[in-house]
file start_15.txt (compact mmCIF, C-alpha atoms)
# COMPACT_ATOMS: atom_id res chain seq x y z
CA MET X 1 17.32 -34.76 11.81
CA LEU X 2 18.56 -37.86 13.60
CA ASN X 3 20.96 -37.94 16.54
CA PHE X 4 22.86 -41.25 16.58
CA CYS X 5 25.56 -41.68 19.26
CA GLY X 6 26.23 -37.94 19.27
CA ILE X 7 26.42 -37.68 15.48
CA ARG X 8 23.74 -35.42 14.01
CA ILE X 9 22.50 -36.83 10.69
CA LEU X 10 20.24 -34.95 8.31
CA LEU X 11 18.21 -37.46 6.31
CA ASP X 12 17.59 -35.88 2.91
CA CYS X 13 17.11 -32.22 2.12
CA PRO X 14 14.13 -32.05 -0.29
CA LEU X 15 12.09 -29.17 -1.63
CA ASP X 16 8.34 -29.08 -1.29
CA LEU X 17 7.40 -28.90 -4.97
CA SER X 18 3.69 -29.11 -4.13
CA SER X 19 3.98 -25.46 -3.11
CA LEU X 20 4.34 -24.58 -6.79
CA MET X 21 0.58 -25.13 -7.09
CA VAL X 22 -0.05 -21.57 -5.86
CA PHE X 23 1.78 -20.03 -8.83
CA SER X 24 0.33 -19.55 -12.28
CA PRO X 25 2.19 -21.19 -15.13
CA VAL X 26 3.72 -18.90 -17.74
CA PRO X 27 0.73 -17.92 -19.91
CA THR X 28 0.50 -19.03 -23.52
CA ALA X 29 -1.04 -17.13 -26.45
CA PHE X 30 -4.36 -18.94 -25.81
CA ASP X 31 -4.54 -17.48 -22.30
CA PHE X 32 -4.95 -13.98 -23.76
CA LEU X 33 -8.07 -14.76 -25.80
CA PRO X 34 -11.18 -12.84 -24.63
CA SER X 35 -13.50 -14.74 -22.35
CA GLU X 36 -16.92 -14.11 -20.89
CA GLU X 37 -16.91 -12.49 -17.50
CA SER X 38 -18.58 -14.36 -14.71
CA SER X 39 -21.79 -12.89 -13.36
CA ASN X 40 -21.26 -14.68 -10.04
CA THR X 41 -20.95 -11.85 -7.51
CA VAL X 42 -19.68 -14.17 -4.78
CA ALA X 43 -16.72 -15.22 -6.92
CA ASN X 44 -15.96 -11.64 -7.92
CA GLY X 45 -15.94 -10.10 -4.43
CA PHE X 46 -13.51 -10.51 -1.56
CA LEU X 47 -15.10 -8.33 1.08
CA ASP X 48 -18.75 -7.44 1.29
CA SER X 49 -19.89 -4.27 3.07
CA ARG X 50 -23.26 -4.94 4.62
CA VAL X 51 -25.56 -1.94 4.27
CA GLY X 52 -26.53 -0.55 7.64
CA SER X 53 -24.40 -2.95 9.68
CA GLY X 54 -21.11 -1.05 9.40
CA LYS X 55 -19.23 -4.37 9.47
CA ARG X 56 -17.15 -5.91 6.70
CA HIS X 57 -17.57 -9.64 6.20
CA LYS X 58 -15.18 -11.81 4.28
CA ILE X 59 -16.75 -13.71 1.42
CA GLU X 60 -14.83 -16.80 0.42
CA LYS X 61 -13.43 -16.36 -3.07
CA LEU X 62 -13.88 -19.32 -5.37
CA LEU X 63 -10.64 -20.90 -6.53
CA ASP X 64 -10.00 -20.49 -10.26
CA ALA X 65 -7.03 -19.86 -12.57
CA LYS X 66 -7.15 -16.12 -11.87
CA SER X 67 -6.70 -16.82 -8.14
CA LEU X 68 -3.18 -18.16 -8.66
CA LEU X 69 -0.16 -15.97 -8.02
CA PHE X 70 1.21 -14.33 -11.15
CA ALA X 71 4.76 -13.97 -9.84
CA GLU X 72 8.15 -15.59 -9.91
CA PRO X 73 7.86 -18.73 -7.77
CA TRP X 74 9.52 -19.15 -4.41
CA TYR X 75 10.07 -22.58 -2.93
CA LYS X 76 9.31 -24.20 0.41
CA THR X 77 12.16 -25.97 2.16
CA VAL X 78 11.88 -28.66 4.79
CA ASN X 79 10.07 -27.58 7.93
CA ASN X 80 12.04 -25.05 9.98
CA LEU X 81 15.23 -25.31 7.87
CA HIS X 82 15.65 -21.55 8.29
CA LEU X 83 15.70 -22.02 12.09
CA TRP X 84 18.39 -24.73 12.19
CA ASN X 85 21.97 -24.05 13.16
CA SER X 86 23.60 -25.73 10.19
CA SER X 87 27.00 -25.87 11.88
CA PHE X 88 25.60 -28.62 14.14
CA ILE X 89 24.97 -31.00 11.21
CA ASP X 90 27.67 -33.69 11.02
CA VAL X 91 26.36 -35.83 8.15
CA VAL X 92 23.87 -35.30 5.33
CA LEU X 93 22.55 -38.58 3.96
CA ILE X 94 20.81 -38.22 0.59
CA SER X 95 18.70 -41.30 -0.18
CA SER X 96 17.05 -40.26 -3.47
CA PRO X 97 17.29 -37.67 -6.25
CA MET X 98 14.41 -35.68 -4.66
CA GLY X 99 16.39 -35.52 -1.43
CA ILE X 100 19.09 -33.35 -3.01
CA LEU X 101 16.89 -30.53 -4.38
CA GLY X 102 17.00 -28.53 -1.13
CA LEU X 103 20.71 -29.05 -0.48
CA PRO X 104 21.76 -25.72 -2.09
CA PHE X 105 19.50 -23.91 0.41
CA LEU X 106 21.32 -25.69 3.24
CA THR X 107 24.77 -24.94 1.85
CA ARG X 108 23.92 -21.19 1.65
CA MET X 109 23.20 -21.11 5.36
CA LYS X 110 25.67 -19.43 7.67
CA GLY X 111 27.93 -21.92 9.40
CA PHE X 112 27.44 -24.82 6.99
CA SER X 113 30.69 -26.43 5.89
CA ALA X 114 30.68 -29.70 3.94
CA LYS X 115 33.88 -31.54 3.16
CA LEU X 116 34.76 -35.00 1.97
CA ASN X 117 37.03 -35.78 4.91
CA VAL X 118 36.21 -36.84 8.47
CA LEU X 119 38.53 -34.15 9.86
CA PHE X 120 36.17 -31.40 8.72
CA ASN X 121 32.67 -30.36 9.82
CA CYS X 122 30.16 -32.24 7.69
CA LEU X 123 30.04 -35.19 5.31
CA ILE X 124 27.54 -35.62 2.50
CA TYR X 125 26.73 -39.17 1.42
CA ILE X 126 24.87 -39.88 -1.81
CA THR X 127 24.93 -42.65 -4.38
CA GLU X 128 26.26 -41.78 -7.84
CA ALA X 129 22.89 -42.54 -9.43
CA SER X 130 21.04 -40.24 -7.02
CA ALA X 131 23.63 -37.51 -7.56
CA ARG X 132 23.31 -37.65 -11.36
CA LEU X 133 19.52 -37.80 -11.39
CA GLY X 134 19.36 -35.08 -8.74
CA GLN X 135 21.66 -32.89 -10.84
CA LEU X 136 19.38 -33.32 -13.88
CA MET X 137 16.34 -32.46 -11.78
CA MET X 138 18.07 -29.36 -10.37
CA GLU X 139 19.10 -28.19 -13.84
CA ASP X 140 15.53 -28.69 -15.09
CA LEU X 141 14.11 -26.79 -12.11
CA VAL X 142 16.55 -23.91 -12.65
CA SER X 143 15.79 -23.71 -16.40
CA MET X 144 12.04 -23.69 -15.66
CA HIS X 145 12.63 -20.94 -13.12
CA VAL X 146 14.60 -18.89 -15.68
CA GLU X 147 11.50 -18.93 -17.92
CA PHE X 148 9.43 -17.51 -15.06
CA SER X 149 12.08 -14.85 -14.39
CA GLN X 150 12.16 -13.81 -18.04
CA PHE X 151 8.38 -13.58 -18.22
CA TYR X 152 7.71 -11.81 -14.90
CA GLY X 153 10.93 -9.76 -14.83
CA PRO X 154 13.23 -9.26 -11.85
CA GLU X 155 11.81 -9.13 -8.35
CA GLU X 156 11.18 -5.59 -7.10
CA SER X 157 12.66 -6.40 -3.70
CA ASN X 158 14.00 -9.29 -1.66
CA PHE X 159 10.52 -9.77 -0.19
CA PRO X 160 7.79 -10.57 -2.75
CA ALA X 161 4.50 -8.68 -2.58
CA TRP X 162 2.44 -11.89 -2.34
CA LEU X 163 4.05 -12.69 1.06
CA ARG X 164 2.72 -9.49 2.63
CA GLN X 165 -0.06 -9.95 5.18
CA GLU X 166 -2.61 -7.84 3.29
CA GLU X 167 -2.08 -9.94 0.15
CA LEU X 168 -2.32 -13.24 2.05
CA GLU X 169 -5.64 -12.19 3.59
CA ILE X 170 -7.38 -11.87 0.21
CA LEU X 171 -6.24 -15.22 -1.18
CA PRO X 172 -8.67 -18.15 -1.30
CA SER X 173 -8.35 -20.38 1.76
CA GLU X 174 -6.88 -23.27 -0.27
CA LEU X 175 -3.95 -21.12 -1.42
CA SER X 176 -3.48 -19.56 2.01
CA GLU X 177 -3.25 -23.02 3.55
CA ILE X 178 -0.52 -24.03 1.09
CA ILE X 179 1.45 -20.84 1.74
CA LEU X 180 1.02 -20.67 5.52
CA GLY X 181 0.55 -24.36 6.30
CA GLU X 182 -2.35 -25.89 8.18
CA ASP X 183 -1.34 -24.22 11.45
CA GLY X 184 -0.36 -20.92 9.77
CA VAL X 185 3.32 -20.90 10.83
CA GLU X 186 5.20 -22.10 7.73
CA LEU X 187 5.69 -18.65 6.19
CA GLY X 188 9.40 -18.55 7.06
CA GLY X 189 10.21 -21.60 4.93
CA TRP X 190 9.78 -19.78 1.58
CA MET X 191 12.98 -18.93 -0.32
CA PRO X 192 13.91 -17.82 -3.83
CA LEU X 193 15.45 -20.54 -5.99
CA TYR X 194 19.19 -20.96 -6.30
CA ARG X 195 20.80 -20.10 -9.64
call {"tool": "encode", "arguments": {"input": "start_15.txt", "output": "structure tokens"}}
result
Amino acid sequence: MLNFCGIRILLDCPLDLSSLMVFSPVPTAFDFLPSEESSNTVANGFLDSRVGSGKRHKIEKLLDAKSLLFAEPWYKTVNNLHLWNSSFIDVVLISSPMGILGLPFLTRMKGFSAKLNVLFNCLIYITEASARLGQLMMEDLVSMHVEFSQFYGPEESNFPAWLRQEELEILPSELSEIILGEDGVELGGWMPLYR
């Protein structure tokens, strides 16, 4: 967000697609073939009860394909987008096709009103090439997401199980860091994809 002579300008509104790394791809027929079970007890256990000590110690789970989340993906928006008052944005300047992917999240926010006239609240500027490429990317993202939805079925609630604290605690540290961020405060930026 840039404040220039009293005009508040949002520079791009991308999605963090790197957050998709925590989700498992839709399995293929080859994924269901039998495999040998690992005899590595460290990789198979999350918590280890020490005999006689009465304490539970966390054992770091090794990251493998089974560690990924088998759920319909949610997406990370720009930092703290959910905390912004969108009615204060005067101009959205989209500089690339990637910069448009998060715009539907912004337009769903309470108070956001974009018009193509200076007399109204907010203007959106984008080149025709960026708009067309961005549209293709959005359509591709939505069609990919539909495949996930068909495979995993509808969400049981508005809050996915993998975002619950007890589920986050048993994830490998690499996945937890992607979900929560390095400082552990980015949990609020996760949203379901637009349709």
call {"tool": "closest_residue", "arguments": {"input": "start_15.txt", "among": "X:Pro73, X:Pro97, X:Gly111, X:Gly102", "to": "X:Leu15", "atoms": "all atoms listed in the file"}}
result
X:Gly102
call {"tool": "closest_residue", "arguments": {"input": "start_15.txt", "among": "X:Asp64, X:Asp16, X:Asp140, X:Glu72", "to": "X:Ile179", "atoms": "only C-alpha atoms"}}
result
X:Asp16
call {"tool": "closest_residue", "arguments": {"input": "start_15.txt", "among": "X:Met1, X:Glu177, X:Glu139, X:Ile124", "to": "X:Asn85", "atoms": "all atoms listed in the file"}}
result
X:Met1
call {"tool": "atom_distance", "arguments": {"input": "start_15.txt", "atom1": "atom CA of X:Ala71", "atom2": "atom CA of X:Cys13"}}
result
25.1 Å
call {"tool": "closest_residue", "arguments": {"input": "start_15.txt", "among": "X:Leu2, X:Leu168, X:Val78, X:Leu141", "to": "X:Phe105", "atoms": "all atoms listed in the file"}}
result
X:Val78
call {"tool": "closest_residue", "arguments": {"input": "start_15.txt", "among": "X:Val142, X:Tyr194, X:Ser173, X:Ala65", "to": "X:Arg108", "atoms": "all atoms listed in the file"}}
result
X:Tyr194
call {"tool": "atom_distance", "arguments": {"input": "start_15.txt", "atom1": "atom CA of X:Leu163", "atom2": "atom CA of X:Asp183"}}
result
16.4 Å
call {"tool": "closest_residue", "arguments": {"input": "start_15.txt", "among": "X:Ser96, X:Gln165, X:Ser24, X:Gln150", "to": "X:Leu133", "atoms": "all atoms listed in the file"}}
result
X:Ser96
call {"tool": "residues_around", "arguments": {"input": "start_15.txt", "residues": "X:Ile89", "least_positions_apart": "5", "cutoff": "10 Å", "atoms": "all atoms listed in the file", "output": "list in words"}}
result
Met1, Leu2, Asn3, Ile7, Arg8, Ile9, Leu10, Trp84, Gly111, Phe112, Ser113, Ala114, Asn121, Cys122 and Leu123 of chain X
call {"tool": "write_last_selection", "arguments": {"input": "start_15.txt", "atoms": "C-alpha atoms", "output": "compact mmCIF listing (two decimals), in the frame of the given file"}}
result
# COMPACT_ATOMS: atom_id res chain seq x y z
CA MET X 1 17.32 -34.76 11.81
CA LEU X 2 18.56 -37.86 13.60
CA ASN X 3 20.96 -37.94 16.54
CA ILE X 7 26.42 -37.68 15.48
CA ARG X 8 23.74 -35.42 14.01
CA ILE X 9 22.50 -36.83 10.69
CA LEU X 10 20.24 -34.95 8.31
CA TRP X 84 18.39 -24.73 12.19
CA GLY X 111 27.93 -21.92 9.40
CA PHE X 112 27.44 -24.82 6.99
CA SER X 113 30.69 -26.43 5.89
CA ALA X 114 30.68 -29.70 3.94
CA ASN X 121 32.67 -30.36 9.82
CA CYS X 122 30.16 -32.24 7.69
CA LEU X 123 30.04 -35.19 5.31
call {"tool": "build_atoms", "arguments": {"input": "start_15.txt", "residues": "stretch 136-158 of chain X", "atoms": "N, CA, C and O atoms", "output": "PDB file, keeping the file's coordinate frame"}}
result
ATOM      1  N   LEU X 136      20.284 -33.569 -12.745  1.00  0.00           N
ATOM      2  CA  LEU X 136      19.380 -33.320 -13.880  1.00  0.00           C
ATOM      3  C   LEU X 136      18.098 -32.628 -13.428  1.00  0.00           C
ATOM      4  O   LEU X 136      17.604 -31.706 -14.090  1.00  0.00           O
ATOM      5  N   MET X 137      17.556 -33.077 -12.296  1.00  0.00           N
ATOM      6  CA  MET X 137      16.340 -32.460 -11.780  1.00  0.00           C
ATOM      7  C   MET X 137      16.581 -31.002 -11.380  1.00  0.00           C
ATOM      8  O   MET X 137      15.742 -30.129 -11.631  1.00  0.00           O
ATOM      9  N   MET X 138      17.738 -30.735 -10.759  1.00  0.00           N
ATOM     10  CA  MET X 138      18.070 -29.360 -10.370  1.00  0.00           C
ATOM     11  C   MET X 138      18.226 -28.472 -11.597  1.00  0.00           C
ATOM     12  O   MET X 138      17.726 -27.334 -11.616  1.00  0.00           O
ATOM     13  N   GLU X 139      18.915 -28.968 -12.619  1.00  0.00           N
ATOM     14  CA  GLU X 139      19.100 -28.190 -13.840  1.00  0.00           C
ATOM     15  C   GLU X 139      17.758 -27.905 -14.507  1.00  0.00           C
ATOM     16  O   GLU X 139      17.526 -26.792 -15.000  1.00  0.00           O
ATOM     17  N   ASP X 140      16.851 -28.877 -14.512  1.00  0.00           N
ATOM     18  CA  ASP X 140      15.530 -28.690 -15.090  1.00  0.00           C
ATOM     19  C   ASP X 140      14.735 -27.656 -14.291  1.00  0.00           C
ATOM     20  O   ASP X 140      14.059 -26.789 -14.858  1.00  0.00           O
ATOM     21  N   LEU X 141      14.807 -27.730 -12.979  1.00  0.00           N
ATOM     22  CA  LEU X 141      14.110 -26.790 -12.110  1.00  0.00           C
ATOM     23  C   LEU X 141      14.639 -25.364 -12.336  1.00  0.00           C
ATOM     24  O   LEU X 141      13.867 -24.417 -12.446  1.00  0.00           O
ATOM     25  N   VAL X 142      15.950 -25.223 -12.430  1.00  0.00           N
ATOM     26  CA  VAL X 142      16.550 -23.910 -12.650  1.00  0.00           C
ATOM     27  C   VAL X 142      16.157 -23.358 -14.016  1.00  0.00           C
ATOM     28  O   VAL X 142      15.821 -22.175 -14.142  1.00  0.00           O
ATOM     29  N   SER X 143      16.165 -24.202 -15.068  1.00  0.00           N
ATOM     30  CA  SER X 143      15.790 -23.710 -16.400  1.00  0.00           C
ATOM     31  C   SER X 143      14.317 -23.313 -16.439  1.00  0.00           C
ATOM     32  O   SER X 143      13.950 -22.321 -17.073  1.00  0.00           O
ATOM     33  N   MET X 144      13.452 -24.065 -15.744  1.00  0.00           N
ATOM     34  CA  MET X 144      12.040 -23.690 -15.660  1.00  0.00           C
ATOM     35  C   MET X 144      11.906 -22.344 -14.939  1.00  0.00           C
ATOM     36  O   MET X 144      11.146 -21.472 -15.351  1.00  0.00           O
ATOM     37  N   HIS X 145      12.691 -22.168 -13.903  1.00  0.00           N
ATOM     38  CA  HIS X 145      12.630 -20.940 -13.120  1.00  0.00           C
ATOM     39  C   HIS X 145      13.120 -19.741 -13.950  1.00  0.00           C
ATOM     40  O   HIS X 145      12.599 -18.626 -13.812  1.00  0.00           O
ATOM     41  N   VAL X 146      14.108 -19.958 -14.803  1.00  0.00           N
ATOM     42  CA  VAL X 146      14.600 -18.890 -15.680  1.00  0.00           C
ATOM     43  C   VAL X 146      13.480 -18.398 -16.591  1.00  0.00           C
ATOM     44  O   VAL X 146      13.349 -17.196 -16.841  1.00  0.00           O
ATOM     45  N   GLU X 147      12.644 -19.327 -17.088  1.00  0.00           N
ATOM     46  CA  GLU X 147      11.500 -18.930 -17.920  1.00  0.00           C
ATOM     47  C   GLU X 147      10.552 -18.019 -17.150  1.00  0.00           C
ATOM     48  O   GLU X 147      10.060 -17.019 -17.684  1.00  0.00           O
ATOM     49  N   PHE X 148      10.283 -18.365 -15.894  1.00  0.00           N
ATOM     50  CA  PHE X 148       9.430 -17.510 -15.060  1.00  0.00           C
ATOM     51  C   PHE X 148      10.075 -16.140 -14.885  1.00  0.00           C
ATOM     52  O   PHE X 148       9.413 -15.116 -14.996  1.00  0.00           O
ATOM     53  N   SER X 149      11.376 -16.121 -14.603  1.00  0.00           N
ATOM     54  CA  SER X 149      12.080 -14.850 -14.390  1.00  0.00           C
ATOM     55  C   SER X 149      12.044 -13.980 -15.633  1.00  0.00           C
ATOM     56  O   SER X 149      11.882 -12.765 -15.534  1.00  0.00           O
ATOM     57  N   GLN X 150      12.201 -14.583 -16.800  1.00  0.00           N
ATOM     58  CA  GLN X 150      12.160 -13.810 -18.040  1.00  0.00           C
ATOM     59  C   GLN X 150      10.762 -13.257 -18.293  1.00  0.00           C
ATOM     60  O   GLN X 150      10.612 -12.136 -18.754  1.00  0.00           O
ATOM     61  N   PHE X 151       9.737 -14.025 -17.977  1.00  0.00           N
ATOM     62  CA  PHE X 151       8.380 -13.580 -18.220  1.00  0.00           C
ATOM     63  C   PHE X 151       7.951 -12.498 -17.223  1.00  0.00           C
ATOM     64  O   PHE X 151       7.395 -11.470 -17.602  1.00  0.00           O
ATOM     65  N   TYR X 152       8.177 -12.730 -15.932  1.00  0.00           N
ATOM     66  CA  TYR X 152       7.710 -11.810 -14.900  1.00  0.00           C
ATOM     67  C   TYR X 152       8.681 -10.680 -14.612  1.00  0.00           C
ATOM     68  O   TYR X 152       8.329  -9.717 -13.946  1.00  0.00           O
ATOM     69  N   GLY X 153       9.922 -10.788 -15.083  1.00  0.00           N
ATOM     70  CA  GLY X 153      10.930  -9.760 -14.830  1.00  0.00           C
ATOM     71  C   GLY X 153      11.547  -9.941 -13.457  1.00  0.00           C
ATOM     72  O   GLY X 153      11.138 -10.803 -12.672  1.00  0.00           O
ATOM     73  N   PRO X 154      12.543  -9.124 -13.134  1.00  0.00           N
ATOM     74  CA  PRO X 154      13.230  -9.260 -11.850  1.00  0.00           C
ATOM     75  C   PRO X 154      12.318  -8.854 -10.689  1.00  0.00           C
ATOM     76  O   PRO X 154      11.423  -8.026 -10.853  1.00  0.00           O
ATOM     77  N   GLU X 155      12.571  -9.471  -9.553  1.00  0.00           N
ATOM     78  CA  GLU X 155      11.810  -9.130  -8.350  1.00  0.00           C
ATOM     79  C   GLU X 155      12.078  -7.672  -7.978  1.00  0.00           C
ATOM     80  O   GLU X 155      13.197  -7.182  -8.108  1.00  0.00           O
ATOM     81  N   GLU X 156      11.039  -6.984  -7.498  1.00  0.00           N
ATOM     82  CA  GLU X 156      11.180  -5.590  -7.100  1.00  0.00           C
ATOM     83  C   GLU X 156      11.983  -5.443  -5.820  1.00  0.00           C
ATOM     84  O   GLU X 156      12.630  -4.435  -5.596  1.00  0.00           O
ATOM     85  N   SER X 157      11.934  -6.438  -4.963  1.00  0.00           N
ATOM     86  CA  SER X 157      12.660  -6.400  -3.700  1.00  0.00           C
ATOM     87  C   SER X 157      13.003  -7.829  -3.292  1.00  0.00           C
ATOM     88  O   SER X 157      12.652  -8.782  -3.983  1.00  0.00           O
ATOM     89  N   ASN X 158      13.667  -7.957  -2.170  1.00  0.00           N
ATOM     90  CA  ASN X 158      14.000  -9.290  -1.660  1.00  0.00           C
ATOM     91  C   ASN X 158      12.803  -9.970  -1.013  1.00  0.00           C
ATOM     92  O   ASN X 158      12.879 -11.143  -0.671  1.00  0.00           O
TER      93      ASN X 158
END
